[in-house]
Amino acid sequence: MAAFPWHARSRNYVSESDMYKLESVPLDFGDYHPLKPITVTESKTKKMSRKGSTSSTSSSSSSSMMDPLSSVLDGTDPLSLFAAAADPLTTTASMDGIRKKRDKDDSSAVGSDFEQWSSKRSEILSRYTTTEKLSINLYMGSEKGKATTGGSAVSEKVRTRLEELDDLEEGSQKELLNLTQQDYMNRIEELNQSLKDAWSSDQKVKALKIVIQCSKLLSDTTVIQFYPSKFVLITDILDTFGKLVYERILSMCVDNRASLTDNFSPETVNDTAKETCLNWFFKIASIRELIPRFYVEAAILKCNKFLSKTGISECLPRLTSVIRGIGDPLVAVYARAYLCRVGMEVAPQLKESLNKNFFDFLLTFKQIHGDTVQNQLVVQCVEIPLYLTLYSPAIDWILQCIAYRAPEDYINCAEVWVEYTCRHFTKREVNTVLADVIKHMTPDRAFEDAYPQLQSIIQKVITYINDFSLLFSVEKFLPFLDMFQKESVRVEVCKCIMESFIKHQQEPTKDPVILNALLHICKTMHDSVNALTLEDEKRLLATLINGFIKMVSFGRDFEQQLSFYVEARSMFCNLEPVLVQLIHSVNQLAMETRKVMRGNHSRKTAAFVRACVAFCFITIPSLSSIFTRLNLYLHSGQVALANQCLSQADAFFKAAVSLVPEVPKMISVDGKMRPSDAFLLEFLCNLFSTLLVVPDHPEQGVLFLVRGLLNVIQDYTWEDNSDDKVRIYTNVLHLLSAMTQETYIYHVDKVDSNDTLYGGDSKFLAEISKLCETVIAQILDHLRTLGKEETLKRQSQLALYFFNTILAHGDLRNNKLNQLSVNLWNLAQKHGFADTKTMVKTLEYIKRRSKQPDMSHFTDLALRLPLQSRT
């Protein structure tokens with residue numbers, strides 16, 4: 001078959017763009033928005049009787065649809081339920097079974113190894129003293145407080161006692177002022193004795209009034225440095241009252257036959273004793289003020305034993321909650337200490353409420369820095385350090401109660417404490433806790449048995465400290481990481497840290513503290529990779545390391561940035577995705593340099609971008625994926641070309657061309673083996689688009705890269721049932737046609753392409769024409785090989801594909817090219833496999849083109865292109 005010369009048609013890309021540009025049509029969406037809630041309108045038609053009636057329609061509309069997730073949950077949020085389940089106050093009912101069992105456990109009683117409150121009393125009184133004047137309210141007594149006669153009616157007795165209880169607020173008290181500390185202590189002792197005297201004379205209401213009056217004194221912090229000693233003195237009276245009430249009720253349970261044992265049950269208590277006990281609790285419940293009501297009820301907490309087995313276990317959580325209503329943090333912490341005192345006496349096994357007491361204190365500790373406390377300290381001229389020491393006796397006692405006979409389980413306690421420290425304190429306190437953990441867990445390599453708890457500590461630290469410059473400035477953080485010496489655990493911890501960094505680091509960083517620490521952590525993850533590491537694990541590690549690399553920026557210090565990438569390449573050489581990311585990052589760095597210089601490189605920046613190019617050229621061959629290498633060669637070559645590094649760009653493109661023969665027939669894609677032809681076709685099309693603007697090397701001859709690529713394509717062994725080779729050759733014709741134009745469709749800034757170098761030289765155009773003839777011959781040879789019955793459909797498709805290429809890029813005024821197009825058209829529909837729909841549209845296109853200026857030859861062409869039916 002005679003050779004067909006290729007004559008590319010002249011193109012005016014600007015006018016073609018204007019001609020085929022889509023017309024912009026303004027769209028009016030009205031109120032429509034894809035995220036706007038859907039309005040659903042339901043119409044209901046009510047049928048009326050036929051006689052003289054019409055149907056009426058009622059419509060109801062909803063502004064939003066029901067949330068299917070909410071409807072499934074039926075209004076119940078599982079997270080809220082989970083949170084509620086975690087609150088000791090809401091789980092009281094579920095704990096009843098456990099508490100009942102503990103109530104029966106006599107072995108949990110307080111023993112001689114528990115330091116009693118009495119041993120701390122004198123130390124507190126001697127330590128917390130004052131020279132300031134104190135004041136006190138004394139109960140003056142009332143005739144109403146005397147016992148009623150035995151013949152009085154019950155209702156009269158109850159009414160009288162309630163009146164006596166109210167008498168305290170009707171002026172039956174006297175305020176004593178300007179008392180010295182010793183005078184104050186003497187007055188308190190007098191009140192204590194008055195309590196005993198009133199009780200012994202059967203003036204129970206008067207005794208209660210004295211206790212209420214004394215309890216009120218605990219809300220007064222006017223001489224704040226004396227408050228711990230005041231607490232000691234007042235609670236002595238409360239202890240006396242609680243003992244008197246308990247013994248009184250206990251005595252009512254004794255008859256002439258037997259007395260109650262120490263471990264009596266409520267069933268053995270007679271009704272009279274129970275009624276009296278309830279009467280006391282009712283009286284206390286009528287106290288209006290919170291603090292005296294709390295203290296007096298806590299003082300007789302033990303009396304709940306007369307009423308029910310679970311009375312104490314139910315009252316302790318309630319009283320713990322009551323303390324939350326006390327606004328002054330110092331008053332509140334001593335109230336907690338008193339509740340712990342009576343709790344340890346009557347139910348030492350109920351540790352939940354004791355723990356909750358301390359936890360509540362921790363949550364309210366921030367009140368110390370509030371305006372109320374701070375103003376109070378200013379008025380009394382008390383400094384914060386002195387004020388904080390006032391908490392010591394209460395906290396010391398609470399901690400003793402919590403720790404009594406608790407396990408010597410350090411790491412579990414530290415695991416909980418570190419969260420509170422991270423949430424409410426500074427890095428200094430966090431560092432102290434970490435140092436303490438290291439101190440306890442390092443001897444005898446105790447950390448090896450506590451990896452889960454240590455991991456939890458790290459997780460809490462990085463959860464609450466999101467500022468990584470602050471985190472890594474914690475001196476003991478990295479030494480803490482060193483305790484994770486089991487590689488699998490160590491890697492998991494490093495992954496948690498990197499995930500947190502990627503999640504919370506909003507801005508790029510160049511902080512040397514962060515960089516050094518995270519490089520160490522990433523190196524740990526990288527070095528864990530071996531031949532047995534799963535691909536998913538490698539992918540995850542690489543993603544985390546890449547996330548770190550992307551967040552490192554030295555700003556305009558591009559040389560330092562490149563140095564970082566060089567260091568990272570040496571550290572993470574076993575993870576291919578990291579190397580790929582580094583290549584992309586270096587290419588981006590080169591383009592940023594170009595942007596800063598606006599394309600006009602100085603000697604220094606030109607040398608720098610060449611260093612970037614060299615980094616990529618050296619790194620790419622170490623990658624195992626052949627298509628990754630091909631695409632990076634192309635991408636890096638484009639970057640080199642954009643930075644006027646022409647010889648380096650040539651080197652990249654040559655490397656890509658020489659690598660094509662090594663492409664295997666099958667490649668792994670997402671774990672499955674697939675033919676590589678489609679991927680190779682895609683790469684070559686991208687390469688052709690770039691080669692259009694690559695200028696010829698002065699020493700290599702005309703179209704050196706294109707010729708080399710055609711040779712590689714010719715020698716490549718294609719699949720027998722594949723037509724990709726012809727499709728590639730057709731795309732080569734597109735490239736060669738574009739190269740013949742007087743001005744190319746696109747250029748690289750400050751790079752002279754062949755249209756400028758050759759200026760439409762006839763010898764250059766002749767070389768292109770020869771290449772076109774060779775390519776056309778290859779295409780036609782392949783079409784002939786498809787003349788067998790089983791390949792006729794492929795022949796038809798390729799013939800039409802080649803026809804459309806000639807139609808788009810060829811000059812059909814050339815008779816031979818015109819005849820070739822007609823032959824291809826006839827071949828496409830010769831054996832009944834033609835895509836008739838496409839051919840009809842193609843013919844319509846030709847007819848439309850024939851009406852345009854200088855396109856009259858399309859009229860003759862249309863007449864020579866018959867449409868044949870399949871029949």
# chains A, B, ... in the order shown; residues from 1 in each chain; ligands from 1
call {"tool": "residues_around", "arguments": {"residues": "Leu244 of chain A", "least_positions_apart": "5", "cutoff": "10 Å", "atoms": "only C-alpha atoms", "output": "ChimeraX atom specification"}}
result
/A:195-196,199-200,238-239,249-250,300
call {"tool": "residues_around", "arguments": {"residues": "Leu125 of chain A", "least_positions_apart": "5", "cutoff": "9 Å", "atoms": "only C-alpha atoms", "output": "PDB file with N, CA, C and O atoms, in the first residue's frame"}}
result
ATOM      1  N   LYS A 120      -5.089  14.149 115.698  1.00  0.00           N
ATOM      2  CA  LYS A 120      -4.789  15.320 114.866  1.00  0.00           C
ATOM      3  C   LYS A 120      -5.321  16.606 115.493  1.00  0.00           C
ATOM      4  O   LYS A 120      -4.922  17.712 115.117  1.00  0.00           O
ATOM      5  N   PHE A 226      -8.071  31.242 111.322  1.00  0.00           N
ATOM      6  CA  PHE A 226      -8.458  30.483 112.513  1.00  0.00           C
ATOM      7  C   PHE A 226      -9.472  29.390 112.170  1.00  0.00           C
ATOM      8  O   PHE A 226      -9.825  28.590 113.039  1.00  0.00           O
ATOM      9  N   PRO A 228      -9.551  26.409 110.598  1.00  0.00           N
ATOM     10  CA  PRO A 228      -9.326  25.000 110.937  1.00  0.00           C
ATOM     11  C   PRO A 228      -9.506  24.701 112.416  1.00  0.00           C
ATOM     12  O   PRO A 228     -10.082  23.669 112.788  1.00  0.00           O
ATOM     13  N   SER A 229      -9.024  25.609 113.280  1.00  0.00           N
ATOM     14  CA  SER A 229      -9.198  25.394 114.721  1.00  0.00           C
ATOM     15  C   SER A 229     -10.672  25.521 115.108  1.00  0.00           C
ATOM     16  O   SER A 229     -11.182  24.766 115.955  1.00  0.00           O
ATOM     17  N   LYS A 230     -11.384  26.486 114.508  1.00  0.00           N
ATOM     18  CA  LYS A 230     -12.819  26.612 114.766  1.00  0.00           C
ATOM     19  C   LYS A 230     -13.542  25.327 114.400  1.00  0.00           C
ATOM     20  O   LYS A 230     -14.445  24.863 115.120  1.00  0.00           O
ATOM     21  N   VAL A 232     -12.378  22.314 114.424  1.00  0.00           N
ATOM     22  CA  VAL A 232     -12.095  21.302 115.447  1.00  0.00           C
ATOM     23  C   VAL A 232     -12.991  21.501 116.664  1.00  0.00           C
ATOM     24  O   VAL A 232     -13.602  20.560 117.203  1.00  0.00           O
ATOM     25  N   LEU A 233     -13.111  22.732 117.124  1.00  0.00           N
ATOM     26  CA  LEU A 233     -13.891  23.029 118.322  1.00  0.00           C
ATOM     27  C   LEU A 233     -15.377  22.774 118.105  1.00  0.00           C
ATOM     28  O   LEU A 233     -16.048  22.171 118.961  1.00  0.00           O
TER      29      LEU A 233
END
call {"tool": "residues_around", "arguments": {"residues": "segment 511-517 of chain A", "least_positions_apart": "3", "cutoff": "9 Å", "atoms": "only C-alpha atoms", "output": "list of chain:residue names"}}
result
A:Phe468, A:Ser469, A:Leu471, A:Phe472, A:Ser473, A:Leu478, A:His520, A:Ile521, A:Cys522, A:Val552
call {"tool": "write_last_selection", "arguments": {"atoms": "N, CA and C atoms", "output": "short mmCIF file (atom, residue, chain, number, x, y, z; two decimals), in the first residue's frame"}}
result
data_model
loop_
_atom_site.label_atom_id
_atom_site.label_comp_id
_atom_site.auth_asym_id
_atom_site.auth_seq_id
_atom_site.Cartn_x
_atom_site.Cartn_y
_atom_site.Cartn_z
N PHE A 468 2.10 21.36 70.84
CA PHE A 468 3.21 20.42 70.87
C PHE A 468 4.53 21.08 71.26
N SER A 469 4.66 22.38 71.06
CA SER A 469 5.85 23.05 71.57
C SER A 469 5.83 23.02 73.09
N LEU A 471 4.14 20.65 74.83
CA LEU A 471 4.24 19.24 75.21
C LEU A 471 5.69 18.77 75.26
N PHE A 472 6.45 19.09 74.22
CA PHE A 472 7.83 18.60 74.17
C PHE A 472 8.78 19.42 75.04
N SER A 473 8.28 20.52 75.58
CA SER A 473 9.09 21.24 76.55
C SER A 473 8.91 20.68 77.96
N LEU A 478 9.76 12.88 77.03
CA LEU A 478 10.53 11.92 76.23
C LEU A 478 11.14 10.82 77.10
N HIS A 520 12.39 11.89 65.96
CA HIS A 520 12.72 10.71 66.77
C HIS A 520 11.55 9.74 66.81
N ILE A 521 10.34 10.27 66.97
CA ILE A 521 9.15 9.42 67.03
C ILE A 521 8.89 8.75 65.68
N CYS A 522 9.01 9.53 64.60
CA CYS A 522 8.80 8.96 63.26
C CYS A 522 9.87 7.93 62.92
N VAL A 552 5.95 20.70 58.16
CA VAL A 552 7.24 21.35 58.43
C VAL A 552 7.48 22.42 57.39
#
call {"tool": "residues_around", "arguments": {"residues": "Tyr420 of chain A", "least_positions_apart": "6", "cutoff": "12 Å", "atoms": "only C-alpha atoms", "output": "list in words"}}
result
Phe359, Asp360, Phe361, Leu362, Leu363, Phe365, Cys413, Ala414, Thr426, Glu429, Val430, Val433, Ile457, Lys460, Val461, Thr463 and Tyr464 of chain A
call {"tool": "residues_around", "arguments": {"residues": "Ser10 of chain A", "least_positions_apart": "3", "cutoff": "9 Å", "atoms": "only C-alpha atoms", "output": "JSON, numbers by chain"}}
result
{"A": [737, 740, 741, 742, 809, 810, 811]}
call {"tool": "select_by_dssp", "arguments": {"residues": "segment 539-671 of chain A", "states": "helix (DSSP H, G or I)", "output": "number ranges by chain"}}
result
A: 539-550, 558-571, 576-596, 603-622, 626-642, 646-662
call {"tool": "residues_around", "arguments": {"residues": "segment 574-582 of chain A", "least_positions_apart": "3", "cutoff": "10 Å", "atoms": "only C-alpha atoms", "output": "VMD selection string"}}
result
chain A and resid 526 to 527 529 to 530 538 to 539 541 to 547 549 to 550 562 564 to 566 568 to 571 585 to 588 615 to 616 619 to 620 622 to 625 628 to 629 632
call {"tool": "closest_residue", "arguments": {"among": "A:Asp696, A:Asp835, A:Glu475, A:Glu23", "to": "Leu800 of chain A", "atoms": "only C-alpha atoms"}}
result
A:Asp835
call {"tool": "residues_around", "arguments": {"residues": "Thr432 of chain A", "least_positions_apart": "3", "cutoff": "12 Å", "atoms": "only C-alpha atoms", "output": "VMD selection string"}}
result
chain A and resid 414 417 to 418 421 to 422 425 to 429 435 to 439 474 to 477 480
call {"tool": "closest_residue", "arguments": {"among": "A:Thr235, A:Gln797, A:Ser353, A:Asn263", "to": "Glu314 of chain A", "atoms": "only C-alpha atoms"}}
result
A:Ser353
call {"tool": "atom_distance", "arguments": {"atom1": "atom CA of Arg490 of chain A", "atom2": "atom CA of Glu415 of chain A"}}
result
17.8 Å
call {"tool": "atom_distance", "arguments": {"atom1": "atom CA of Leu386 of chain A", "atom2": "atom CA of Leu339 of chain A"}}
result
24.9 Å
call {"tool": "atom_distance", "arguments": {"atom1": "atom CA of Ile212 of chain A", "atom2": "atom CA of Val331 of chain A"}}
result
16.1 Å
